[in-house]
>>> print(open('query_4.pdb').read())   # PDB, C-alpha atoms, pLDDT in the B column
ATOM      1  CA  MET P   1     -79.248 -64.355 -73.308  1.00 50.00           C
ATOM      2  CA  LEU P   2     -76.926 -63.942 -76.277  1.00 47.00           C
ATOM      3  CA  VAL P   3     -79.754 -62.378 -78.301  1.00 48.00           C
ATOM      4  CA  ARG P   4     -80.440 -59.798 -75.554  1.00 52.00           C
ATOM      5  CA  ILE P   5     -76.810 -58.733 -75.444  1.00 51.00           C
ATOM      6  CA  SER P   6     -76.704 -58.421 -79.200  1.00 47.00           C
ATOM      7  CA  ILE P   7     -79.898 -56.348 -79.297  1.00 49.00           C
ATOM      8  CA  THR P   8     -78.621 -54.149 -76.452  1.00 46.00           C
ATOM      9  CA  VAL P   9     -75.291 -53.675 -78.226  1.00 43.00           C
ATOM     10  CA  LEU P  10     -77.109 -52.934 -81.496  1.00 43.00           C
ATOM     11  CA  ILE P  11     -79.379 -50.354 -79.839  1.00 47.00           C
ATOM     12  CA  SER P  12     -76.381 -48.700 -78.183  1.00 48.00           C
ATOM     13  CA  LEU P  13     -74.506 -48.651 -81.480  1.00 41.00           C
ATOM     14  CA  LEU P  14     -77.476 -47.126 -83.324  1.00 42.00           C
ATOM     15  CA  SER P  15     -77.864 -44.516 -80.605  1.00 48.00           C
ATOM     16  CA  PHE P  16     -74.162 -43.634 -80.895  1.00 47.00           C
ATOM     17  CA  ILE P  17     -74.391 -43.359 -84.696  1.00 49.00           C
ATOM     18  CA  THR P  18     -77.489 -41.151 -84.466  1.00 49.00           C
ATOM     19  CA  ARG P  19     -75.779 -38.786 -81.982  1.00 55.00           C
ATOM     20  CA  ALA P  20     -72.692 -38.651 -84.210  1.00 48.00           C
ATOM     21  CA  GLN P  21     -74.810 -37.798 -87.256  1.00 55.00           C
ATOM     22  CA  GLU P  22     -76.661 -35.088 -85.305  1.00 54.00           C
ATOM     23  CA  THR P  23     -73.328 -33.591 -84.205  1.00 49.00           C
ATOM     24  CA  ILE P  24     -71.977 -33.610 -87.766  1.00 53.00           C
ATOM     25  CA  ALA P  25     -75.187 -32.025 -89.078  1.00 48.00           C
ATOM     26  CA  LYS P  26     -75.123 -29.375 -86.347  1.00 49.00           C
ATOM     27  CA  ASP P  27     -71.464 -28.551 -87.045  1.00 50.00           C
ATOM     28  CA  SER P  28     -72.110 -28.208 -90.772  1.00 47.00           C
ATOM     29  CA  LEU P  29     -75.050 -25.884 -90.131  1.00 47.00           C
ATOM     30  CA  GLN P  30     -72.974 -23.709 -87.811  1.00 53.00           C
ATOM     31  CA  LYS P  31     -69.981 -23.477 -90.171  1.00 60.00           C
ATOM     32  CA  LYS P  32     -71.338 -22.378 -93.548  1.00 84.00           C
ATOM     33  CA  GLY P  33     -68.563 -19.870 -94.140  1.00 95.00           C
ATOM     34  CA  VAL P  34     -65.665 -18.108 -92.539  1.00 98.00           C
ATOM     35  CA  THR P  35     -65.346 -15.605 -89.713  1.00 98.00           C
ATOM     36  CA  ILE P  36     -64.267 -12.030 -90.308  1.00 98.00           C
ATOM     37  CA  LEU P  37     -62.677 -10.453 -87.233  1.00 98.00           C
ATOM     38  CA  VAL P  38     -62.548  -6.644 -87.344  1.00 98.00           C
ATOM     39  CA  LYS P  39     -60.567  -4.589 -84.848  1.00 98.00           C
ATOM     40  CA  ILE P  40     -60.249  -0.839 -84.326  1.00 98.00           C
ATOM     41  CA  PRO P  41     -57.192  -0.264 -82.131  1.00 97.00           C
ATOM     42  CA  LYS P  42     -57.151   3.513 -81.456  1.00 96.00           C
ATOM     43  CA  ILE P  43     -60.533   5.060 -80.769  1.00 98.00           C
ATOM     44  CA  SER P  44     -60.541   8.664 -79.584  1.00 96.00           C
ATOM     45  CA  SER P  45     -62.685   7.954 -76.502  1.00 97.00           C
ATOM     46  CA  ASN P  46     -64.373   5.129 -74.625  1.00 98.00           C
ATOM     47  CA  ASN P  47     -67.774   6.844 -74.945  1.00 98.00           C
ATOM     48  CA  GLY P  48     -70.560   5.273 -76.991  1.00 98.00           C
ATOM     49  CA  LYS P  49     -70.269   2.280 -79.312  1.00 98.00           C
ATOM     50  CA  VAL P  50     -68.953   1.449 -82.767  1.00 98.00           C
ATOM     51  CA  TYR P  51     -71.470   0.313 -85.392  1.00 98.00           C
ATOM     52  CA  PHE P  52     -70.244  -2.016 -88.152  1.00 98.00           C
ATOM     53  CA  SER P  53     -71.924  -3.031 -91.422  1.00 98.00           C
ATOM     54  CA  LEU P  54     -70.709  -5.814 -93.730  1.00 98.00           C
ATOM     55  CA  TYR P  55     -71.840  -5.496 -97.367  1.00 98.00           C
ATOM     56  CA  ASP P  56     -71.824  -8.329 -99.892  1.00 98.00           C
ATOM     57  CA  THR P  57     -72.416  -6.340-103.107  1.00 98.00           C
ATOM     58  CA  GLU P  58     -71.788  -2.858-104.433  1.00 98.00           C
ATOM     59  CA  GLU P  59     -75.549  -2.391-104.839  1.00 98.00           C
ATOM     60  CA  HIS P  60     -76.211  -3.247-101.169  1.00 98.00           C
ATOM     61  CA  PHE P  61     -73.335  -0.934-100.215  1.00 98.00           C
ATOM     62  CA  LYS P  62     -74.927   1.970-102.116  1.00 97.00           C
ATOM     63  CA  LEU P  63     -78.359   1.228-100.642  1.00 97.00           C
ATOM     64  CA  ARG P  64     -76.873   0.754 -97.148  1.00 97.00           C
ATOM     65  CA  THR P  65     -78.459  -2.692 -96.888  1.00 98.00           C
ATOM     66  CA  PRO P  66     -75.901  -4.755 -94.940  1.00 98.00           C
ATOM     67  CA  PHE P  67     -75.379  -8.495 -95.239  1.00 98.00           C
ATOM     68  CA  GLN P  68     -74.592  -8.497 -91.495  1.00 98.00           C
ATOM     69  CA  SER P  69     -74.274  -5.824 -88.808  1.00 98.00           C
ATOM     70  CA  ALA P  70     -72.519  -5.729 -85.463  1.00 98.00           C
ATOM     71  CA  ILE P  71     -72.062  -3.338 -82.555  1.00 98.00           C
ATOM     72  CA  GLY P  72     -68.732  -3.098 -80.775  1.00 98.00           C
ATOM     73  CA  THR P  73     -68.341  -1.959 -77.195  1.00 98.00           C
ATOM     74  CA  ILE P  74     -65.277   0.138 -76.473  1.00 98.00           C
ATOM     75  CA  GLN P  75     -62.765  -0.738 -73.770  1.00 98.00           C
ATOM     76  CA  ALA P  76     -59.325   0.831 -73.405  1.00 98.00           C
ATOM     77  CA  ASN P  77     -59.961   2.797 -76.622  1.00 98.00           C
ATOM     78  CA  THR P  78     -60.328  -0.344 -78.745  1.00 98.00           C
ATOM     79  CA  THR P  79     -63.110  -2.566 -80.018  1.00 98.00           C
ATOM     80  CA  GLN P  80     -63.542  -5.662 -82.108  1.00 98.00           C
ATOM     81  CA  VAL P  81     -66.434  -7.589 -83.643  1.00 98.00           C
ATOM     82  CA  SER P  82     -66.856 -10.800 -85.605  1.00 98.00           C
ATOM     83  CA  PHE P  83     -69.002 -11.574 -88.609  1.00 98.00           C
ATOM     84  CA  THR P  84     -69.646 -15.320 -88.777  1.00 98.00           C
ATOM     85  CA  ASN P  85     -70.751 -17.816 -91.423  1.00 98.00           C
ATOM     86  CA  VAL P  86     -69.644 -15.523 -94.245  1.00 98.00           C
ATOM     87  CA  PRO P  87     -69.595 -17.336 -97.600  1.00 98.00           C
ATOM     88  CA  GLU P  88     -66.871 -16.831-100.204  1.00 98.00           C
ATOM     89  CA  GLY P  89     -67.192 -13.581-102.121  1.00 98.00           C
ATOM     90  CA  THR P  90     -66.284  -9.907-102.204  1.00 98.00           C
ATOM     91  CA  TYR P  91     -67.234  -7.737 -99.240  1.00 98.00           C
ATOM     92  CA  ALA P  92     -66.733  -4.269 -97.776  1.00 98.00           C
ATOM     93  CA  ILE P  93     -67.148  -2.983 -94.221  1.00 98.00           C
ATOM     94  CA  ILE P  94     -67.982   0.491 -93.019  1.00 98.00           C
ATOM     95  CA  CYS P  95     -68.150   1.549 -89.386  1.00 98.00           C
ATOM     96  CA  TYR P  96     -68.589   4.641 -87.271  1.00 98.00           C
ATOM     97  CA  HIS P  97     -68.008   5.653 -83.673  1.00 98.00           C
ATOM     98  CA  ASP P  98     -71.343   6.692 -82.194  1.00 98.00           C
ATOM     99  CA  GLU P  99     -69.703   8.649 -79.422  1.00 98.00           C
ATOM    100  CA  ASN P 100     -72.898  10.245 -78.104  1.00 97.00           C
ATOM    101  CA  ASP P 101     -74.890   6.975 -78.325  1.00 97.00           C
ATOM    102  CA  ASN P 102     -77.695   8.350 -80.543  1.00 98.00           C
ATOM    103  CA  LYS P 103     -77.399   5.425 -83.014  1.00 96.00           C
ATOM    104  CA  GLN P 104     -76.377   7.577 -85.985  1.00 97.00           C
ATOM    105  CA  LEU P 105     -73.329   9.225 -87.504  1.00 97.00           C
ATOM    106  CA  ASP P 106     -73.622  12.922 -86.693  1.00 97.00           C
ATOM    107  CA  PHE P 107     -72.801  15.685 -89.170  1.00 96.00           C
ATOM    108  CA  ASN P 108     -72.072  19.395 -89.012  1.00 95.00           C
ATOM    109  CA  GLY P 109     -73.418  20.395 -92.399  1.00 91.00           C
ATOM    110  CA  PHE P 110     -71.733  17.944 -94.782  1.00 89.00           C
ATOM    111  CA  MET P 111     -68.833  16.970 -92.504  1.00 92.00           C
ATOM    112  CA  PRO P 112     -69.109  14.072 -90.027  1.00 95.00           C
ATOM    113  CA  THR P 113     -68.462  15.060 -86.426  1.00 97.00           C
ATOM    114  CA  GLU P 114     -67.885  11.450 -85.331  1.00 97.00           C
ATOM    115  CA  ASP P 115     -65.128   9.133 -86.546  1.00 97.00           C
ATOM    116  CA  TYR P 116     -65.829   6.628 -89.310  1.00 97.00           C
ATOM    117  CA  GLY P 117     -63.825   4.171 -91.375  1.00 97.00           C
ATOM    118  CA  ALA P 118     -63.925   1.394 -93.928  1.00 98.00           C
ATOM    119  CA  SER P 119     -62.134  -1.844 -94.715  1.00 98.00           C
ATOM    120  CA  ASN P 120     -58.783  -1.293 -96.503  1.00 98.00           C
ATOM    121  CA  ASN P 121     -58.622   2.124 -94.762  1.00 98.00           C
ATOM    122  CA  PRO P 122     -59.070   4.125 -97.994  1.00 97.00           C
ATOM    123  CA  VAL P 123     -58.316   7.838 -97.864  1.00 93.00           C
ATOM    124  CA  VAL P 124     -61.472   9.422 -99.227  1.00 87.00           C
ATOM    125  CA  TYR P 125     -63.092  12.817 -99.080  1.00 86.00           C
ATOM    126  CA  GLY P 126     -66.720  11.884 -98.819  1.00 85.00           C
ATOM    127  CA  PRO P 127     -68.473   8.600 -98.225  1.00 90.00           C
ATOM    128  CA  PRO P 128     -66.488   5.362 -98.549  1.00 95.00           C
ATOM    129  CA  GLN P 129     -66.710   3.523-101.873  1.00 96.00           C
ATOM    130  CA  PHE P 130     -67.262  -0.214-102.289  1.00 98.00           C
ATOM    131  CA  GLY P 131     -64.405  -0.676-104.777  1.00 97.00           C
ATOM    132  CA  LEU P 132     -61.793   0.963-102.525  1.00 98.00           C
ATOM    133  CA  SER P 133     -63.105  -0.809 -99.422  1.00 98.00           C
ATOM    134  CA  SER P 134     -63.680  -4.284-100.863  1.00 98.00           C
ATOM    135  CA  PHE P 135     -61.793  -7.445 -99.947  1.00 98.00           C
ATOM    136  CA  THR P 136     -62.099 -11.099-100.876  1.00 98.00           C
ATOM    137  CA  VAL P 137     -63.271 -13.898 -98.605  1.00 98.00           C
ATOM    138  CA  ASP P 138     -62.087 -17.392 -99.532  1.00 97.00           C
ATOM    139  CA  LYS P 139     -61.957 -20.488 -97.331  1.00 96.00           C
ATOM    140  CA  GLU P 140     -59.806 -18.987 -94.534  1.00 97.00           C
ATOM    141  CA  ASP P 141     -60.911 -16.685 -91.703  1.00 98.00           C
ATOM    142  CA  VAL P 142     -60.115 -13.004 -92.226  1.00 98.00           C
ATOM    143  CA  SER P 143     -58.688 -10.467 -89.745  1.00 98.00           C
ATOM    144  CA  LEU P 144     -58.912  -6.748 -90.498  1.00 98.00           C
ATOM    145  CA  ILE P 145     -57.798  -3.588 -88.739  1.00 98.00           C
ATOM    146  CA  ILE P 146     -59.717  -0.405 -89.450  1.00 98.00           C
ATOM    147  CA  THR P 147     -58.345   2.954 -88.403  1.00 97.00           C
ATOM    148  CA  PHE P 148     -60.235   6.184 -87.877  1.00 94.00           C
TER
END
>>> encode(input="query_4.pdb", output="structure tokens")
Amino acid sequence: MLVRISITVLISLLSFITRAQETIAKDSLQKKGVTILVKIPKISSNNGKVYFSLYDTEEHFKLRTPFQSAIGTIQANTTQVSFTNVPEGTYAIICYHDENDNKQLDFNGFMPTEDYGASNNPVVYGPPQFGLSSFTVDKEDVSLIITF
């Protein structure tokens, strides 16, 4: 009888340890980096969506090859998105308001007809630049506000 209780207790203990290890492993897989929360507080209209691209190098920025992308829905002239599991490094974000929902930034000749912006809110005449838009990600979550 004593042996059965001990084996039952041992099996229960092993089961508990296995579940704990699975939970720890799952948590470590889900949290490989930080979260970047990006908000745009004053959008000109509630029409369309806002497309966001997070770039991890200047080369990817120039090639328009994002590390992560997100689409923000607009409510009450504001939107926000999150980029998750972002490792430490230098990043830049660009975004645009696709007001007519055609999944591209529209131009009239060389001038954009839809609003766009970048992290750090640089004042530029032309496309955003990685150096002016870049920010550092360390161990803490990051919150950014981009204005159009």
>>> residues_around(input="query_4.pdb", residues="Lys39 (chain P)", least_positions_apart="4", cutoff="9 Å", atoms="only C-alpha atoms", output="mmCIF file with C-alpha atoms, in the frame of the given file")
data_model
loop_
_atom_site.group_PDB
_atom_site.id
_atom_site.type_symbol
_atom_site.label_atom_id
_atom_site.label_comp_id
_atom_site.auth_asym_id
_atom_site.auth_seq_id
_atom_site.Cartn_x
_atom_site.Cartn_y
_atom_site.Cartn_z
ATOM 1 C CA THR P 78 -60.328 -0.344 -78.745
ATOM 2 C CA THR P 79 -63.110 -2.566 -80.018
ATOM 3 C CA GLN P 80 -63.542 -5.662 -82.108
ATOM 4 C CA VAL P 81 -66.434 -7.589 -83.643
ATOM 5 C CA SER P 82 -66.856 -10.800 -85.605
ATOM 6 C CA SER P 143 -58.688 -10.467 -89.745
ATOM 7 C CA LEU P 144 -58.912 -6.748 -90.498
ATOM 8 C CA ILE P 145 -57.798 -3.588 -88.739
ATOM 9 C CA ILE P 146 -59.717 -0.405 -89.450
ATOM 10 C CA THR P 147 -58.345 2.954 -88.403
#
>>> closest_residue(input="query_4.pdb", among="P:Ala76, P:Val86, P:Asp141, P:Gly126", to="Leu54 (chain P)", atoms="all atoms listed in the file")
P:Val86
>>> resolve_selection(input="query_4.pdb", expression="the PyMOL selection byres ((chain P and resi 89) around 6)", output="count of residues only")
4
>>> closest_residue(input="query_4.pdb", among="P:Thr84, P:Thr73, P:Leu63, P:Ser53", to="Leu37 (chain P)", atoms="all atoms listed in the file")
P:Thr84
>>> axis_aligned_box(input="query_4.pdb", around="region 137-147 of chain P", padding_each_side="5 Å", output="AutoDock Vina command-line options")
--center_x -60.5 --center_y -8.8 --center_z -94.0 --size_x 15.5 --size_y 33.4 --size_z 21.1
>>> residues_around(input="query_4.pdb", residues="Tyr51 (chain P)", least_positions_apart="5", cutoff="10 Å", atoms="only C-alpha atoms", output="PyMOL selection string")
chain P and resi 69-73+81+94-98+103-105+116
>>> atom_distance(input="query_4.pdb", atom1="CA of Gln129 (chain P)", atom2="CA of Phe107 (chain P)")
18.6 Å
>>> resolve_selection(input="query_4.pdb", expression="the PyMOL selection byres ((chain P and resi 100) around 8)", output="list in words")
Asn47, Gly48, Asp98, Glu99, Asp101 and Asn102 of chain P
>>> residues_near_point(input="query_4.pdb", point="(-72.4, 0.2, -101.8)", cutoff="12 Å", atoms="only C-alpha atoms", output="PyMOL selection string")
chain P and resi 53-67+90-94+118+127-134
>>> write_last_selection(input="query_4.pdb", atoms="C-alpha atoms", output="compact mmCIF listing (two decimals), in the coordinates of the input")
# COMPACT_ATOMS: atom_id res chain seq x y z
CA SER P 53 -71.92 -3.03 -91.42
CA LEU P 54 -70.71 -5.81 -93.73
CA TYR P 55 -71.84 -5.50 -97.37
CA ASP P 56 -71.82 -8.33 -99.89
CA THR P 57 -72.42 -6.34 -103.11
CA GLU P 58 -71.79 -2.86 -104.43
CA GLU P 59 -75.55 -2.39 -104.84
CA HIS P 60 -76.21 -3.25 -101.17
CA PHE P 61 -73.33 -0.93 -100.22
CA LYS P 62 -74.93 1.97 -102.12
CA LEU P 63 -78.36 1.23 -100.64
CA ARG P 64 -76.87 0.75 -97.15
CA THR P 65 -78.46 -2.69 -96.89
CA PRO P 66 -75.90 -4.76 -94.94
CA PHE P 67 -75.38 -8.49 -95.24
CA THR P 90 -66.28 -9.91 -102.20
CA TYR P 91 -67.23 -7.74 -99.24
CA ALA P 92 -66.73 -4.27 -97.78
CA ILE P 93 -67.15 -2.98 -94.22
CA ILE P 94 -67.98 0.49 -93.02
CA ALA P 118 -63.92 1.39 -93.93
CA PRO P 127 -68.47 8.60 -98.22
CA PRO P 128 -66.49 5.36 -98.55
CA GLN P 129 -66.71 3.52 -101.87
CA PHE P 130 -67.26 -0.21 -102.29
CA GLY P 131 -64.40 -0.68 -104.78
CA LEU P 132 -61.79 0.96 -102.52
CA SER P 133 -63.10 -0.81 -99.42
CA SER P 134 -63.68 -4.28 -100.86
>>> closest_residue(input="query_4.pdb", among="P:Phe148, P:Gln68, P:Lys32, P:Ile74", to="Asp115 (chain P)", atoms="only C-alpha atoms")
P:Phe148
>>> atom_distance(input="query_4.pdb", atom1="CA of Asn77 (chain P)", atom2="CA of Pro41 (chain P)")
6.9 Å
>>> atom_distance(input="query_4.pdb", atom1="CA of Thr113 (chain P)", atom2="CA of Ser44 (chain P)")
12.3 Å
>>> closest_residue(input="query_4.pdb", among="P:Lys139, P:Gly109, P:Phe83, P:Glu114", to="Lys49 (chain P)", atoms="all atoms listed in the file")
P:Glu114
>>> closest_residue(input="query_4.pdb", among="P:Asn108, P:Asn85, P:Ser45, P:Asn121", to="Asp138 (chain P)", atoms="all atoms listed in the file")
P:Asn85
>>> build_atoms(input="query_4.pdb", residues="region 75-96 of chain P", atoms="N, CA and C atoms", output="short mmCIF file (atom, residue, chain, number, x, y, z; two decimals), in the frame of the given file")
data_model
loop_
_atom_site.label_atom_id
_atom_site.label_comp_id
_atom_site.auth_asym_id
_atom_site.auth_seq_id
_atom_site.Cartn_x
_atom_site.Cartn_y
_atom_site.Cartn_z
N GLN P 75 -63.51 -0.61 -75.02
CA GLN P 75 -62.76 -0.74 -73.77
C GLN P 75 -61.31 -0.42 -74.06
N ALA P 76 -60.73 0.43 -73.23
CA ALA P 76 -59.32 0.83 -73.40
C ALA P 76 -59.09 1.35 -74.82
N ASN P 77 -60.04 2.15 -75.31
CA ASN P 77 -59.96 2.80 -76.62
C ASN P 77 -59.81 1.83 -77.79
N THR P 78 -60.36 0.63 -77.66
CA THR P 78 -60.33 -0.34 -78.74
C THR P 78 -61.63 -1.13 -78.75
N THR P 79 -61.95 -1.70 -79.90
CA THR P 79 -63.11 -2.57 -80.02
C THR P 79 -62.85 -3.60 -81.10
N GLN P 80 -63.60 -4.68 -81.04
CA GLN P 80 -63.54 -5.66 -82.11
C GLN P 80 -64.88 -6.39 -82.18
N VAL P 81 -65.22 -6.81 -83.40
CA VAL P 81 -66.43 -7.59 -83.64
C VAL P 81 -66.10 -8.71 -84.60
N SER P 82 -67.00 -9.69 -84.67
CA SER P 82 -66.86 -10.80 -85.60
C SER P 82 -68.12 -10.94 -86.44
N PHE P 83 -67.92 -11.19 -87.71
CA PHE P 83 -69.00 -11.57 -88.61
C PHE P 83 -68.79 -13.05 -88.89
N THR P 84 -69.80 -13.88 -88.66
CA THR P 84 -69.65 -15.32 -88.78
C THR P 84 -70.45 -15.88 -89.94
N ASN P 85 -70.07 -17.09 -90.34
CA ASN P 85 -70.75 -17.82 -91.42
C ASN P 85 -70.82 -17.00 -92.71
N VAL P 86 -69.72 -16.35 -93.04
CA VAL P 86 -69.64 -15.52 -94.24
C VAL P 86 -69.18 -16.40 -95.41
N PRO P 87 -70.00 -16.52 -96.46
CA PRO P 87 -69.60 -17.34 -97.60
C PRO P 87 -68.53 -16.64 -98.44
N GLU P 88 -67.89 -17.40 -99.31
CA GLU P 88 -66.87 -16.83 -100.20
C GLU P 88 -67.50 -15.72 -101.04
N GLY P 89 -66.70 -14.69 -101.31
CA GLY P 89 -67.19 -13.58 -102.12
C GLY P 89 -66.40 -12.32 -101.86
N THR P 90 -66.90 -11.22 -102.37
CA THR P 90 -66.28 -9.91 -102.20
C THR P 90 -67.16 -9.09 -101.26
N TYR P 91 -66.52 -8.46 -100.28
CA TYR P 91 -67.23 -7.74 -99.24
C TYR P 91 -66.56 -6.40 -98.96
N ALA P 92 -67.28 -5.52 -98.28
CA ALA P 92 -66.73 -4.27 -97.78
C ALA P 92 -67.39 -3.98 -96.43
N ILE P 93 -66.64 -3.32 -95.56
CA ILE P 93 -67.15 -2.98 -94.22
C ILE P 93 -67.04 -1.47 -94.05
N ILE P 94 -68.08 -0.89 -93.48
CA ILE P 94 -67.98 0.49 -93.02
C ILE P 94 -68.40 0.51 -91.55
N CYS P 95 -67.85 1.45 -90.82
CA CYS P 95 -68.15 1.55 -89.39
C CYS P 95 -68.06 3.00 -88.95
N TYR P 96 -68.70 3.30 -87.84
CA TYR P 96 -68.59 4.64 -87.27
C TYR P 96 -68.66 4.56 -85.75
#
